[in-house]
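Student: A single structure is presented below for examination.
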Amino acid sequence: MSDRSLSRGEPMSDRRAVITGIGVVAPTGIGVVEHWEGSLTGRSRIGPVTSFDATGAPIRLAGEVTGFDEREFVDSKLLVQTDRWTWFALAATELALADAALDPAREDPFDLSVVTAGASGGNAFGQREIQALWSKGPRAVSAYQSIGWFYAASSGQLSIRHQLKGACGVLVADAAGAIDALAEAARLIRRGTEVVVTGGTEAPLSPYALACQAGEATVGRGSDPATAYRPFAPDAGGHVPGEGGAMLIVEDRHSAFGRGTPTVYAEIAGTASTHDAHHVADPAPGHRQYARAMREAIARAGLGPDDVGVVFADGAGDPVRDAQELAALREVFGGRRVPVTVPKTMTGRLCSGGAALDVAWAALSLTGGVIPPTVVTSGTAGSAVVEGVDLVTEARVVNGLSAALVVARGSGGFNSAAVLTAV
């Protein structure tokens, strides 16, 4: 068993949650090194859907994960029981544990927890079973249908694989869910849990999944990857869906340093969530609740707006929602042109995986002192709609970067924010 004596007698109020491992499976790369190096190039991975013939489909562009072989991470027995989104989570968790040099088998299983974000679920699995139902009858439907598509499937499979017997769960808040899961991970650490596996992954690019998304007003219908997803552009036409995400290892700070973890990327200094309490699909008028989530996360981190060195924005790609986000940023940061980036312009919006990937980007930025870029077309950065913020359009080296704000909004009125600080 590992030595966690530094944290055993520590008062609960003194326990601080830090990120010690990052696992990525995303269009930008598989593994933290490939992902980070790929991100800094500023090359978009958005392109035509290749996993099936999307000719004539209402959504033809996406951010796809390439070079992923699920057999490297999932045995054949489990493959038939689970969907691609869970394969991503299993793979990203393996990579995160290796990055943190943490072996769950050496830990007390009741000191280990898992909290993921889920929303879209096992789309390809569900489509296959629905087709079996209607073409062959109910006896052709797999018994694993009941668990393969379920939004808690990844948390359950991770708990079983790694014997994570502490508090386990899943949070559903669309694109904001992974920040809420991160907040829960930090709370569990403060309450005495030693290690929490958290994050989110999605695989919403099957024909059935894209058909479900086609009715969303904020999904773009363009066919040109260079102009398909342009947050903060006056003529933005919506977002592009993507797949993948990130999983993170969260530990108590003293315990992490005590066991000699290779890298402590960042501290989860403050989190907050609000809700618009408005129409399930239409955005609420104004930006008050979104700005409130940002302010509270910053305040709970013990910081002021001037301490924040970069904002990883939600970047809806919808003119109305983009304008609301910019208004919220101006309210929180006043006249300061805070650096803002939307690196998901390289991947598309990953539903529950998006905010998890943003948190990974933010943690890597604090460690490396580099802000990954927003991929934009000519004219966007100089447009009037981004007046008041400093949109980062090329990888930017920043000396003394000490705090990052990650924000996300989910369909249905969810607003979430997290402040990460350098360790």
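Starting from 1 in every chain, residues are counted up; chains themselves are A, B, ... following the order of the structure tokens, and ligands are numbered from 1 as listed.
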Where does DSSP see helix (DSSP H, G or I) in stretch 92-335 of chain A, if you list the residues as a PyMOL selection string?
Tutor: chain A and resi 92-99+104-106+109-111+123-136+138-140+145-148+153-162+174-190+207-213+253-258+288-300+305-307+319-333
Student: Assign secondary structure with DSSP using the backbone only, and return the residues of stretch 88-222 of chain A in strand (DSSP E) as a ChimeraX atom specification.
Tutor: /A:112-117,168-171,195-202
Student: Using N, CA, C and O atoms, can you write the selected residues to a file as an mmCIF file, in the first residue's frame?
Tutor:
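again.cif, freshly written:
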```
data_model
loop_
_atom_site.group_PDB
_atom_site.id
_atom_site.type_symbol
_atom_site.label_atom_id
_atom_site.label_comp_id
_atom_site.auth_asym_id
_atom_site.auth_seq_id
_atom_site.Cartn_x
_atom_site.Cartn_y
_atom_site.Cartn_z
ATOM 1 N N LEU A 112 -10.735 5.609 -2.810
ATOM 2 C CA LEU A 112 -10.731 5.972 -4.223
ATOM 3 C C LEU A 112 -12.160 6.182 -4.717
ATOM 4 O O LEU A 112 -13.042 5.364 -4.454
ATOM 5 N N SER A 113 -12.377 7.270 -5.453
ATOM 6 C CA SER A 113 -13.704 7.585 -5.968
ATOM 7 C C SER A 113 -13.639 7.908 -7.449
ATOM 8 O O SER A 113 -12.567 8.162 -8.000
ATOM 9 N N VAL A 114 -14.801 7.912 -8.086
ATOM 10 C CA VAL A 114 -14.904 8.334 -9.478
ATOM 11 C C VAL A 114 -16.182 9.140 -9.646
ATOM 12 O O VAL A 114 -17.250 8.743 -9.173
ATOM 13 N N VAL A 115 -16.048 10.300 -10.285
ATOM 14 C CA VAL A 115 -17.194 11.154 -10.602
ATOM 15 C C VAL A 115 -17.011 11.648 -12.028
ATOM 16 O O VAL A 115 -16.053 12.368 -12.323
ATOM 17 N N THR A 116 -17.892 11.244 -12.917
ATOM 18 C CA THR A 116 -17.794 11.671 -14.309
ATOM 19 C C THR A 116 -18.983 12.546 -14.677
ATOM 20 O O THR A 116 -19.965 12.652 -13.937
ATOM 21 N N ALA A 117 -18.870 13.167 -15.840
ATOM 22 C CA ALA A 117 -19.982 13.892 -16.441
ATOM 23 C C ALA A 117 -20.499 13.066 -17.608
ATOM 24 O O ALA A 117 -19.717 12.463 -18.342
ATOM 25 N N CYS A 168 -19.037 7.291 -5.631
ATOM 26 C CA CYS A 168 -18.993 7.288 -7.092
ATOM 27 C C CYS A 168 -20.288 7.875 -7.630
ATOM 28 O O CYS A 168 -21.344 7.751 -7.010
ATOM 29 N N GLY A 169 -20.200 8.532 -8.786
ATOM 30 C CA GLY A 169 -21.413 9.114 -9.343
ATOM 31 C C GLY A 169 -21.191 9.699 -10.712
ATOM 32 O O GLY A 169 -20.095 9.612 -11.295
ATOM 33 N N VAL A 170 -22.247 10.295 -11.234
ATOM 34 C CA VAL A 170 -22.204 10.959 -12.529
ATOM 35 C C VAL A 170 -23.082 12.200 -12.438
ATOM 36 O O VAL A 170 -24.115 12.196 -11.774
ATOM 37 N N LEU A 171 -22.645 13.279 -13.089
ATOM 38 C CA LEU A 171 -23.394 14.533 -13.104
ATOM 39 C C LEU A 171 -23.792 14.856 -14.531
ATOM 40 O O LEU A 171 -22.986 14.727 -15.458
ATOM 41 N N VAL A 195 -8.194 9.951 -3.457
ATOM 42 C CA VAL A 195 -8.031 10.092 -4.903
ATOM 43 C C VAL A 195 -9.407 10.070 -5.560
ATOM 44 O O VAL A 195 -10.252 9.236 -5.222
ATOM 45 N N VAL A 196 -9.616 10.985 -6.503
ATOM 46 C CA VAL A 196 -10.849 10.990 -7.284
ATOM 47 C C VAL A 196 -10.491 11.005 -8.767
ATOM 48 O O VAL A 196 -9.693 11.827 -9.212
ATOM 49 N N VAL A 197 -11.058 10.059 -9.499
ATOM 50 C CA VAL A 197 -10.964 10.061 -10.957
ATOM 51 C C VAL A 197 -12.163 10.841 -11.483
ATOM 52 O O VAL A 197 -13.308 10.526 -11.149
ATOM 53 N N THR A 198 -11.917 11.877 -12.281
ATOM 54 C CA THR A 198 -13.021 12.719 -12.740
ATOM 55 C C THR A 198 -12.784 13.177 -14.175
ATOM 56 O O THR A 198 -11.673 13.105 -14.691
ATOM 57 N N GLY A 199 -13.845 13.645 -14.805
ATOM 58 C CA GLY A 199 -13.740 14.138 -16.177
ATOM 59 C C GLY A 199 -14.961 13.739 -16.976
ATOM 60 O O GLY A 199 -16.039 13.469 -16.428
ATOM 61 N N GLY A 200 -14.802 13.691 -18.284
ATOM 62 C CA GLY A 200 -15.909 13.316 -19.149
ATOM 63 C C GLY A 200 -15.446 13.021 -20.552
ATOM 64 O O GLY A 200 -14.453 13.598 -21.020
ATOM 65 N N THR A 201 -16.103 12.098 -21.195
ATOM 66 C CA THR A 201 -15.852 11.777 -22.601
ATOM 67 C C THR A 201 -17.204 11.575 -23.289
ATOM 68 O O THR A 201 -18.192 11.242 -22.637
ATOM 69 N N GLU A 202 -17.217 11.772 -24.598
ATOM 70 C CA GLU A 202 -18.439 11.569 -25.369
ATOM 71 C C GLU A 202 -18.097 10.982 -26.730
ATOM 72 O O GLU A 202 -16.973 11.160 -27.233
#
```
Student: Got a sec: who's within 8 Å of A:Tyr229, counting only C-alpha atoms, leaving out chain neighbours fewer than 4 positions off, as a PyMOL selection string?
Tutor: chain A and resi 220+225+236-240+317+345+348
Student: Please save all heavy atoms of the selected residues as an mmCIF file, in the first residue's frame.
Tutor:
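The result, written out as selection31.cif:
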```cif
data_model
loop_
_atom_site.group_PDB
_atom_site.id
_atom_site.type_symbol
_atom_site.label_atom_id
_atom_site.label_comp_id
_atom_site.auth_asym_id
_atom_site.auth_seq_id
_atom_site.Cartn_x
_atom_site.Cartn_y
_atom_site.Cartn_z
ATOM 1 N N GLY A 220 -24.170 23.972 -36.362
ATOM 2 C CA GLY A 220 -23.944 24.524 -37.676
ATOM 3 C C GLY A 220 -24.300 23.552 -38.791
ATOM 4 O O GLY A 220 -24.226 22.332 -38.619
ATOM 5 N N PRO A 225 -14.914 23.325 -43.402
ATOM 6 C CA PRO A 225 -14.316 23.235 -42.065
ATOM 7 C C PRO A 225 -13.677 24.535 -41.597
ATOM 8 O O PRO A 225 -13.615 24.795 -40.391
ATOM 9 C CB PRO A 225 -13.257 22.132 -42.234
ATOM 10 C CG PRO A 225 -13.733 21.321 -43.390
ATOM 11 C CD PRO A 225 -14.388 22.289 -44.320
ATOM 12 N N ALA A 236 -21.343 34.120 -37.014
ATOM 13 C CA ALA A 236 -21.154 32.727 -36.619
ATOM 14 C C ALA A 236 -22.418 31.931 -36.914
ATOM 15 O O ALA A 236 -23.536 32.387 -36.668
ATOM 16 C CB ALA A 236 -20.802 32.640 -35.134
ATOM 17 N N GLY A 237 -22.223 30.712 -37.435
ATOM 18 C CA GLY A 237 -23.354 29.902 -37.847
ATOM 19 C C GLY A 237 -23.622 28.707 -36.973
ATOM 20 O O GLY A 237 -24.315 27.770 -37.385
ATOM 21 N N GLY A 238 -23.098 28.683 -35.763
ATOM 22 C CA GLY A 238 -23.324 27.561 -34.868
ATOM 23 C C GLY A 238 -22.045 26.807 -34.575
ATOM 24 O O GLY A 238 -20.959 27.197 -35.002
ATOM 25 N N HIS A 239 -22.160 25.703 -33.851
ATOM 26 C CA HIS A 239 -20.983 24.936 -33.475
ATOM 27 C C HIS A 239 -20.902 23.635 -34.269
ATOM 28 O O HIS A 239 -21.857 23.222 -34.929
ATOM 29 C CB HIS A 239 -20.990 24.624 -31.977
ATOM 30 C CG HIS A 239 -22.000 23.602 -31.571
ATOM 31 N ND1 HIS A 239 -23.271 23.922 -31.132
ATOM 32 C CD2 HIS A 239 -21.937 22.247 -31.527
ATOM 33 C CE1 HIS A 239 -23.937 22.828 -30.840
ATOM 34 N NE2 HIS A 239 -23.152 21.784 -31.068
ATOM 35 N N VAL A 240 -19.746 23.005 -34.186
ATOM 36 C CA VAL A 240 -19.509 21.708 -34.799
ATOM 37 C C VAL A 240 -19.379 20.680 -33.673
ATOM 38 O O VAL A 240 -18.642 20.912 -32.710
ATOM 39 C CB VAL A 240 -18.225 21.722 -35.654
ATOM 40 C CG1 VAL A 240 -17.887 20.328 -36.158
ATOM 41 C CG2 VAL A 240 -18.389 22.684 -36.820
ATOM 42 N N GLY A 317 -20.444 29.645 -30.386
ATOM 43 C CA GLY A 317 -20.514 29.730 -31.836
ATOM 44 C C GLY A 317 -21.869 30.201 -32.334
ATOM 45 O O GLY A 317 -22.152 30.155 -33.529
ATOM 46 N N THR A 345 -12.120 25.195 -30.639
ATOM 47 C CA THR A 345 -12.274 25.456 -32.070
ATOM 48 C C THR A 345 -11.434 24.489 -32.896
ATOM 49 O O THR A 345 -11.649 24.363 -34.102
ATOM 50 C CB THR A 345 -11.865 26.894 -32.404
ATOM 51 O OG1 THR A 345 -10.605 27.197 -31.783
ATOM 52 C CG2 THR A 345 -12.907 27.891 -31.912
ATOM 53 N N GLY A 348 -14.096 20.955 -32.062
ATOM 54 C CA GLY A 348 -15.541 20.975 -31.977
ATOM 55 C C GLY A 348 -15.970 20.873 -30.527
ATOM 56 O O GLY A 348 -15.163 20.677 -29.615
#
```
Student: Tell me, as a list in words, which residues lie within 8 Å of A:His35, counting only C-alpha atoms; anything in the same chain fewer than 5 positions away does not count.
Tutor: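 Neighbouring residues, sequence-local ones excluded: Val24, Ala26, Thr28, Gly29 and Ile30 of chain A.
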Student: Let me make sure I understand: among A:Thr271, A:Ser206, A:Ser365, A:Ser120, which one has the smallest atom-to-atom distance to A:Ala185 if we use only C-alpha atoms?
Tutor: A:Thr271
Student: Report the distance between atom CA of A:Pro104 and atom CA of A:His162 in Å, rounded to one decimal place.
Tutor: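 Between atom CA of A:Pro104 and atom CA of A:His162 the gap is 6.2 Å.
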Student: Quick one: residues within 12 Å of A:Pro231, only C-alpha atoms, excluding same-chain residues fewer than 5 positions away - as JSON, numbers by chain?
Tutor: {"A": [218, 220, 236, 237, 238, 239, 240, 313, 314, 315, 316, 317, 318, 319, 320, 321, 322, 323, 324, 325, 326, 340, 341, 342, 343, 344, 345, 346, 348, 349, 374, 375, 376, 377, 380, 381, 383, 385, 386, 391, 393]}
Student: For A:Glu394, which of A:Arg336, A:Ile298, A:Val407, A:Val370 is the closest residue, counting only C-alpha atoms?
Tutor: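 The closest residue to A:Glu394 is A:Val370.
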Student: Using only C-alpha atoms, find the one residue out of A:Ala228, A:Ala173, A:Ala214, A:Leu401 that sits nearest to A:Ala355.
Tutor: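 Closest candidate: A:Ala173.
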Student: Can you work out which one of A:Val419, A:Pro305, A:Ala266, A:Gly166 has the shortest atom-to-atom distance to A:Phe110, counting only C-alpha atoms?
Tutor: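 Smallest separation from A:Phe110 among the options: A:Gly166.
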Student: When you look at stretch 82-96 of chain A with a cut-off of 9 Å (counting only C-alpha atoms), what residues show up, excluding the ones that are within fewer than 4 positions of it in the same chain? I need them as a VMD selection string.
Tutor: chain A and resid 20 to 26 30 to 32 68 70 72 to 74 78 100 to 102 120 to 126 144 to 145 147 to 149 153 to 155 157 to 158 161 197 to 204 243 to 249
Student: One decimal, Å: what's the distance from atom CA of A:Arg106 over to atom CA of A:Glu267, could you say?
Tutor: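 A separation of 24.0 Å between them.
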Student: Report the distance between atom CA of A:Arg230 and atom CA of A:Tyr290 in Å, rounded to one decimal place.
Tutor: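 Between atom CA of A:Arg230 and atom CA of A:Tyr290 the gap is 20.7 Å.
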Student: Name all residues at most 12 Å from A:Gly215 (count only C-alpha atoms; drop same-chain ones fewer than 5 positions away) and give them as a list in words.
Tutor: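 With the cut-off at 12 Å, the set is Pro58, Ile59, Ala209, Leu210, Gly220, Arg221 and Ala281 of chain A.
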Student: Any chance you can output those residues with all heavy atoms as a compact mmCIF listing (two decimals), in the first residue's frame?
Tutor:
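Just written: selection.txt:
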```
# COMPACT_ATOMS: atom_id res chain seq x y z
N PRO A 58 -27.79 16.25 -42.36
CA PRO A 58 -27.82 17.67 -41.99
C PRO A 58 -26.54 18.13 -41.31
O PRO A 58 -26.22 19.32 -41.32
CB PRO A 58 -29.02 17.76 -41.04
CG PRO A 58 -29.22 16.38 -40.53
CD PRO A 58 -28.81 15.47 -41.64
N ILE A 59 -25.81 17.22 -40.68
CA ILE A 59 -24.52 17.55 -40.05
C ILE A 59 -23.45 16.71 -40.74
O ILE A 59 -23.48 15.49 -40.68
CB ILE A 59 -24.55 17.25 -38.54
CG1 ILE A 59 -25.64 18.06 -37.85
CG2 ILE A 59 -23.19 17.55 -37.91
CD1 ILE A 59 -25.84 17.70 -36.39
N ALA A 209 -26.93 9.58 -33.32
CA ALA A 209 -26.58 10.71 -32.47
C ALA A 209 -26.66 12.02 -33.24
O ALA A 209 -27.16 13.04 -32.74
CB ALA A 209 -25.18 10.52 -31.89
N LEU A 210 -26.14 12.03 -34.46
CA LEU A 210 -26.18 13.26 -35.26
C LEU A 210 -27.61 13.62 -35.65
O LEU A 210 -27.96 14.79 -35.73
CB LEU A 210 -25.30 13.11 -36.49
CG LEU A 210 -23.79 13.07 -36.22
CD1 LEU A 210 -23.01 12.90 -37.51
CD2 LEU A 210 -23.32 14.32 -35.49
N GLY A 220 -24.17 23.97 -36.36
CA GLY A 220 -23.94 24.52 -37.68
C GLY A 220 -24.30 23.55 -38.79
O GLY A 220 -24.23 22.33 -38.62
N ARG A 221 -24.65 24.10 -39.92
CA ARG A 221 -25.00 23.28 -41.09
C ARG A 221 -24.00 23.47 -42.22
O ARG A 221 -24.22 23.02 -43.33
CB ARG A 221 -26.39 23.66 -41.60
CG ARG A 221 -27.53 23.48 -40.60
CD ARG A 221 -27.71 22.02 -40.21
NE ARG A 221 -28.93 21.80 -39.45
CZ ARG A 221 -29.04 21.91 -38.14
NH1 ARG A 221 -27.98 22.26 -37.43
NH2 ARG A 221 -30.18 21.67 -37.53
N ALA A 281 -34.67 25.27 -23.95
CA ALA A 281 -33.85 25.35 -25.16
C ALA A 281 -33.36 26.75 -25.46
O ALA A 281 -32.24 26.94 -25.93
CB ALA A 281 -34.64 24.82 -26.36
```
Student: Of the candidates A:Ala301, A:Leu164, A:Ala403, A:Val250, which shows the shortest atom-to-atom distance to A:Arg190, using only C-alpha atoms?
Tutor: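 For A:Arg190, the nearest of the candidates is A:Val250.
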Student: For each of A:Ala175, A:Gly67, A:Ala422, A:Tyr265, take the minimum atom-to-atom distance to A:Glu34, counting only C-alpha atoms, then give the residue where this is smallest.
Tutor: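 For A:Glu34, the nearest of the candidates is A:Gly67.
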